[in-house]
Amino acid sequence: MKLNEQSQNLGVRIGTIHIIAFILLAILGVRLYYLQVVKGEYYSERAENQRIRHIPIPAPRGVIFDRNGKILVDSRPTWNVVLSNEPIKKIDVSSRVDDYAKGLNLDPSFVVERLDLIKKQNEFETLVLKENATIQDIAWVESHSLEFPELRVENQPQRFYPHGTQLAHVLGYVGEISPKQLESDDWKDKGLKPGDIIGKGGLEQYYDVFLRGKPGYRKVIVDSRGRVQSEIGVVPAQAGQDMVSTIDLDLQLAAEEQLANSSTKRGTIIAMDPNNGEILAMASLPSFDPNIFVQGSKTPEGRKQIAAYWQDEKRPLYNRAIQGRYPPGSTWKIPESVGALQQGVITVKDSKVLCGGGITIGNKFTRCMGSHGAPPLDFAITHSCDGYYYHLALKMKIEGLIKMVETFDYDKRTGIDLPNEKVSQTPKSWKPIIEKREGRWSDIRTVYASVGQDTVVVTPIAMLRAVASVGMKGRMYTPHFLKEFRAIGPVGDESDSTFIPGRDAFGFLHPEPKIIEMTPEQNDLVVKGMWGVVNGGGTAGSIRIPGFDIADKTGTAQVASLGKDVGGNKDHAWFVSFAPAFKPEIAVIALIENSGFGGANAAPAAKGIYEAYLTKKGFVPPAETDLVAKQ
Amino acid sequence: MVAIIEKRDLRDFDWLTTFLAVAIACFGIWQIHNALPTESYWTKQIIGLCIALVAFLVIAFSDYRRIIELAPFFYGFGLLLLALVITPLGVEVNGQQAWLKLPVVGQFQPSEFVKIPTVLMLAKYFGGRKSGSLSIREIVVGGLIMAGPIGLIMLEPDAGQALTYFPIFAAVLFLSAIQIRYVVLVMVAAAVFIPTSYIVGVKTGAIKRYQQERISAVIDPESVDPKGYGYHTMQSIITVGKGGLTGIKGDPETSQSVLKFLPEPHTDFIFAVTAENTGFIGCVSLLIAYALLLSRLIAGARSASERPGMLVIMSIATAMVFQIFINVGMALGFLPVIGVPLPLMSAGLSAILSTFIAIGFVVSVKMRRFVN
């Protein structure tokens, strides 16, 4: 440039622009160095994280069988419409609510609820929008995959309870682990994450660790909208272990039927093998349908039904067999009799105690149902003489009753393999409280306690276990449902980090039975009394099965004082038994809430179980002539 | 206007500048292919480069002085095209009506081309002035020349393109003996006025929410809502960083652009693609190539035989530096997301054609440096 160069410093000005240009390029170079060289690895990892996804492969839960291999619970494949967060995280989807609702036949308010929920979660999370999708739903999702890339159809196993409300309390149900549970000590560091399915209640909960499988995953590359581009690896899932339970489905169905046909339709029936504690049947009514918890927790109708279960005054969710505590009434006399013999208050040779038609404590007269003079023990059991036990308990004193409570473990859980078992309440637990409140333990409370009232409430399972031990000559087993968990094979290659070892088969770890100390003569005397209840003109003579001698005790437990015991306050009817009387194979307890006399209401229900048992065995009642000859 | 190519022309032809420009464009085509291997953008870009080279040669062998003589005609034609864009003849893409679709010619972006007549117009006006400091009247006339295209581009609206016109004007004024005290005054005023107007703009709502988010994404990309407007900035940073020293190894099928994490990988974010594929080494090589090209242009300006030629070259060089800085700065996440193409690299016929036409003028000026 020749023109005016000096006067306008043109060369300097061009040079200035040149330098500015280089400075700007140098700034870019420095920033590049920082991003690529200094932080390169960090961003490389971030890029990796956002394009690689682990898509879970759900592990099927173990199947639960009855003792004969009949399916009690299994899993069914279901197609779910899943909503993933990633494609919609940046956009307003409120305009899609109606499309979803119409296309998938959902309630719009539910769609809004699910969208709100997923938007709050991590961008890579998914949420089930519709379970048990129909062919139409699947077709709709597939045909709208371009419009709605956030919707996907996934195949997931879903727990299915083919028997519905039957056996529900024993099996329990499954559901998503709650955020609260995830933080609790029981579940922390167990490798579970939100949305994982765990057992809730019943065997599903108690044996969750074994029933639950180990999910696998597919490692895939996804694009920015979360759509799978290619698969780069698979870690297969390991199914849970199958469980063989001690339940006999035929007896279970018989028990359910008996309860359903009872007068109040509320109560429980348990059948157990007294020789080892295996539970053959356990029914509790009213009941619930576990399928509603599994399938319905994501639909408004299902949630309404679940809420109704929780609010129902009849408490259908509560397992009366192990959580119900009822005054045992006269069934209490069996352990009490054994206690009195053990403690020497009465002897086999001299077991006579005054009945006297009742007893007077202070100025209050408590009556017996009859006037039996001074009967021996077996007569008192057979005819359920209250007066006998009033006087017997006063001889044993409250300390003697408490000792009996300890002997028969009424102060403990039975150890049954179900969660949330309740402990019975007895004078042992009440005495310190009463003494504190009233200053002393009065004789009238001992008298009430002698016939299973006032300070005595026991769980049906504790009562059955105690009475069954009498049939077993003092061997008291732990009731349980587990026969065997079957083995499951290893998954993957042993050298891999993702290898999952196999799990071995195992059975119930039978604890040693508790031994109730008694002589054969003492045992015989009590069993003889129990035999008489059905077979010797006692309180349950109406249910006698010729050729199959049941030994039992009825109970009629007061819920309200005399005169008010009508309608909903009627007595609880009890029947606790084992058979055959002198070589028991099965023990049955029936409790029908607020139905009245034990002999009239609970005993026929128990008989139904025995009949089902005998039918299964192929039992043929002996001809009349044989019976006559035998007598 | 095609001149007969003489022996002297070939001797004076700026082979190095041409080589640098074509080399960068070819590197760009490779990156466009990397960005979207399954799409046809890279083949279109090859065709675009061929067309651009023809236009480049035509301009280079023309006498730029005769073209500058005709500047008012080109300038008027340019304004007409920009006006047509905002008529129904314009085509709207991504909310901006920046394209024009004409029969035979096809679809193109006038704002890319109109820069050239604007530069010529400025060169004609300021090139004719005599010595002495710049008068206010001259500044006002220059401002009016700029106001035409900038005003029409803002109506599209395309703030990014409009922004690229300002450094051209600044450079022209700076090289036309504007007094240094005005330069200082403008810099101080900008230092005060830009933050103030931003704050006022936010308060009054003149600056829209998405624009604010784009700006805060630059200040702190990690804390900005990654699902919002900071997403592009964050993804670009990740893509650049992922390239590391030498670029991605392994499967290009999983690149940020192929998996669609990186938006507009073949145009606005072509530099991020380059960074991912060629790493720090590739990127720095590219920046050095730009620096060499710019140095060639500026050297040409110094040797220009007269003022209008010098102004044409310096305007083009300044516009190019500014576009490189804005585009790469955006890809590196320290400037807001503004749709400015990276010269010679970004896919798009309009962009590569106008850049080669501009370089054609530079070569033309240099070829005639000994001619008086």
# chains A, B, ... in the order shown; residues from 1 in each chain; ligands from 1
call {"tool": "residues_around", "arguments": {"residues": "Ile14 (chain A)", "least_positions_apart": "2", "cutoff": "8 Å", "atoms": "only C-alpha atoms", "output": "ChimeraX atom specification"}}
result
/A:10-12,16-18 /B:175,298,302,314
call {"tool": "select_by_dssp", "arguments": {"residues": "region 249-360 of chain B", "states": "helix (DSSP H, G or I)", "output": "PyMOL selection string"}}
result
chain B and resi 252-254+270-302+307-331+349-360
call {"tool": "closest_residue", "arguments": {"among": "A:Leu249, A:Ala139, A:Val220, A:Leu115", "to": "chain B", "atoms": "only C-alpha atoms"}}
result
A:Val220
call {"tool": "residues_around", "arguments": {"residues": "Asn276 (chain A)", "least_positions_apart": "4", "cutoff": "8 Å", "atoms": "only C-alpha atoms", "output": "list in words"}}
result
Tyr477, Thr478 and Pro479 of chain A
call {"tool": "interface_residues", "arguments": {"of": "chain B", "to": "chain A", "cutoff": "6 Å", "atoms": "only C-alpha atoms", "output": "MDAnalysis selection string"}}
result
chainID B and resid 177 227 238 241:242 244:245 259:261 302:305
call {"tool": "write_last_selection", "arguments": {"atoms": "N, CA and C atoms", "output": "short mmCIF file (atom, residue, chain, number, x, y, z; two decimals), in the first residue's frame"}}
result
data_model
loop_
_atom_site.label_atom_id
_atom_site.label_comp_id
_atom_site.auth_asym_id
_atom_site.auth_seq_id
_atom_site.Cartn_x
_atom_site.Cartn_y
_atom_site.Cartn_z
N ALA B 177 -8.94 5.20 8.79
CA ALA B 177 -8.39 6.29 9.59
C ALA B 177 -9.38 6.86 10.60
N LYS B 227 -31.91 -30.71 30.09
CA LYS B 227 -33.00 -31.03 29.18
C LYS B 227 -33.45 -29.80 28.41
N ILE B 238 -19.31 -32.32 25.32
CA ILE B 238 -19.01 -33.74 25.50
C ILE B 238 -18.38 -34.30 24.22
N GLY B 241 -14.83 -33.02 23.88
CA GLY B 241 -13.95 -33.64 24.88
C GLY B 241 -13.69 -35.10 24.59
N LYS B 242 -14.71 -35.78 24.11
CA LYS B 242 -14.60 -37.21 23.81
C LYS B 242 -13.50 -37.49 22.79
N GLY B 244 -10.58 -36.28 22.57
CA GLY B 244 -9.28 -36.45 23.20
C GLY B 244 -8.16 -35.95 22.31
N LEU B 245 -7.00 -36.55 22.44
CA LEU B 245 -5.82 -36.08 21.73
C LEU B 245 -5.88 -36.45 20.26
N LEU B 259 -25.53 -41.08 16.67
CA LEU B 259 -26.56 -41.41 17.65
C LEU B 259 -27.45 -40.21 17.97
N LYS B 260 -27.24 -39.14 17.23
CA LYS B 260 -28.10 -37.95 17.31
C LYS B 260 -28.06 -37.22 18.64
N PHE B 261 -26.96 -37.40 19.39
CA PHE B 261 -26.83 -36.60 20.60
C PHE B 261 -26.44 -35.18 20.22
N ARG B 302 -1.90 -6.07 2.41
CA ARG B 302 -0.76 -5.17 2.54
C ARG B 302 -0.16 -4.83 1.16
N SER B 303 -0.20 -5.79 0.28
CA SER B 303 0.45 -5.55 -1.01
C SER B 303 -0.51 -5.03 -2.07
N ALA B 304 -1.77 -4.81 -1.66
CA ALA B 304 -2.75 -4.33 -2.63
C ALA B 304 -2.31 -2.99 -3.18
N SER B 305 -2.59 -2.78 -4.46
CA SER B 305 -2.09 -1.57 -5.09
C SER B 305 -2.93 -0.35 -4.76
#
call {"tool": "residues_around", "arguments": {"residues": "region 142-154 of chain B", "least_positions_apart": "2", "cutoff": "7 Å", "atoms": "only C-alpha atoms", "output": "list of chain:residue names"}}
result
B:Leu79, B:Leu82, B:Ala83, B:Ser111, B:Leu122, B:Glu138, B:Ile139, B:Val140, B:Glu156, B:Pro157, B:Asp158, B:Ala159, B:Ala162
call {"tool": "closest_residue", "arguments": {"among": "A:Ser595, A:Gln241, A:Gln258, A:Gln158", "to": "Gly489 (chain A)", "atoms": "only C-alpha atoms"}}
result
A:Gln241
call {"tool": "atom_distance", "arguments": {"atom1": "CA of Ala600 (chain A)", "atom2": "CA of Val170 (chain A)"}}
result
27.4 Å
call {"tool": "select_by_dssp", "arguments": {"residues": "region 48-190 of chain A", "states": "strand (DSSP E or B)", "output": "VMD selection string"}}
result
chain A and resid 52 to 57 64 to 65 71 to 84 126 to 130 151 to 160 173 to 176
call {"tool": "atom_distance", "arguments": {"atom1": "CA of Arg66 (chain B)", "atom2": "CA of Met320 (chain B)"}}
result
24.1 Å
call {"tool": "atom_distance", "arguments": {"atom1": "CA of Phe325 (chain B)", "atom2": "CA of Leu287 (chain B)"}}
result
10.3 Å
call {"tool": "residues_around", "arguments": {"residues": "Lys124 (chain B)", "least_positions_apart": "6", "cutoff": "10 Å", "atoms": "only C-alpha atoms", "output": "PDB file with C-alpha atoms, in the first residue's frame"}}
result
ATOM      1  CA  ARG B  65     -11.919  -2.843  -9.990  1.00  0.00           C
ATOM      2  CA  ILE B  67     -16.738  -5.078 -10.338  1.00  0.00           C
ATOM      3  CA  ILE B  68     -16.307  -2.465  -7.608  1.00  0.00           C
ATOM      4  CA  GLU B  69     -17.400   0.104 -10.161  1.00  0.00           C
ATOM      5  CA  LEU B  70     -20.635  -1.832 -10.452  1.00  0.00           C
ATOM      6  CA  ALA B  71     -20.999  -2.233  -6.648  1.00  0.00           C
ATOM      7  CA  PRO B  72     -24.136  -0.099  -6.309  1.00  0.00           C
ATOM      8  CA  THR B 118     -22.028  -4.930   0.929  1.00  0.00           C
ATOM      9  CA  ARG B 307      -7.328   1.262  -1.116  1.00  0.00           C
ATOM     10  CA  PRO B 308     -10.563  -0.413  -2.344  1.00  0.00           C
ATOM     11  CA  GLY B 309      -8.746  -3.726  -2.919  1.00  0.00           C
ATOM     12  CA  LEU B 311     -10.568  -2.881   2.104  1.00  0.00           C
ATOM     13  CA  VAL B 312     -12.183  -5.790   0.239  1.00  0.00           C
TER      14      VAL B 312
END
call {"tool": "residues_around", "arguments": {"residues": "region 184-195 of chain A", "least_positions_apart": "3", "cutoff": "10 Å", "atoms": "only C-alpha atoms", "output": "list of chain:residue names"}}
result
A:Glu125, A:Thr126, A:Leu127, A:Val128, A:Gly175, A:Glu176, A:Ile177, A:Ser178, A:Pro179, A:Lys180, A:Gln181, A:Ile198, A:Val209, A:Lys214
call {"tool": "closest_residue", "arguments": {"among": "B:Ala190, B:His232, B:Met310, B:Arg11", "to": "Ser176 (chain B)", "atoms": "only C-alpha atoms"}}
result
B:Met310
call {"tool": "closest_residue", "arguments": {"among": "B:Leu102, B:Ile288, B:Val362, B:Met345", "to": "His33 (chain B)", "atoms": "only C-alpha atoms"}}
result
B:Met345
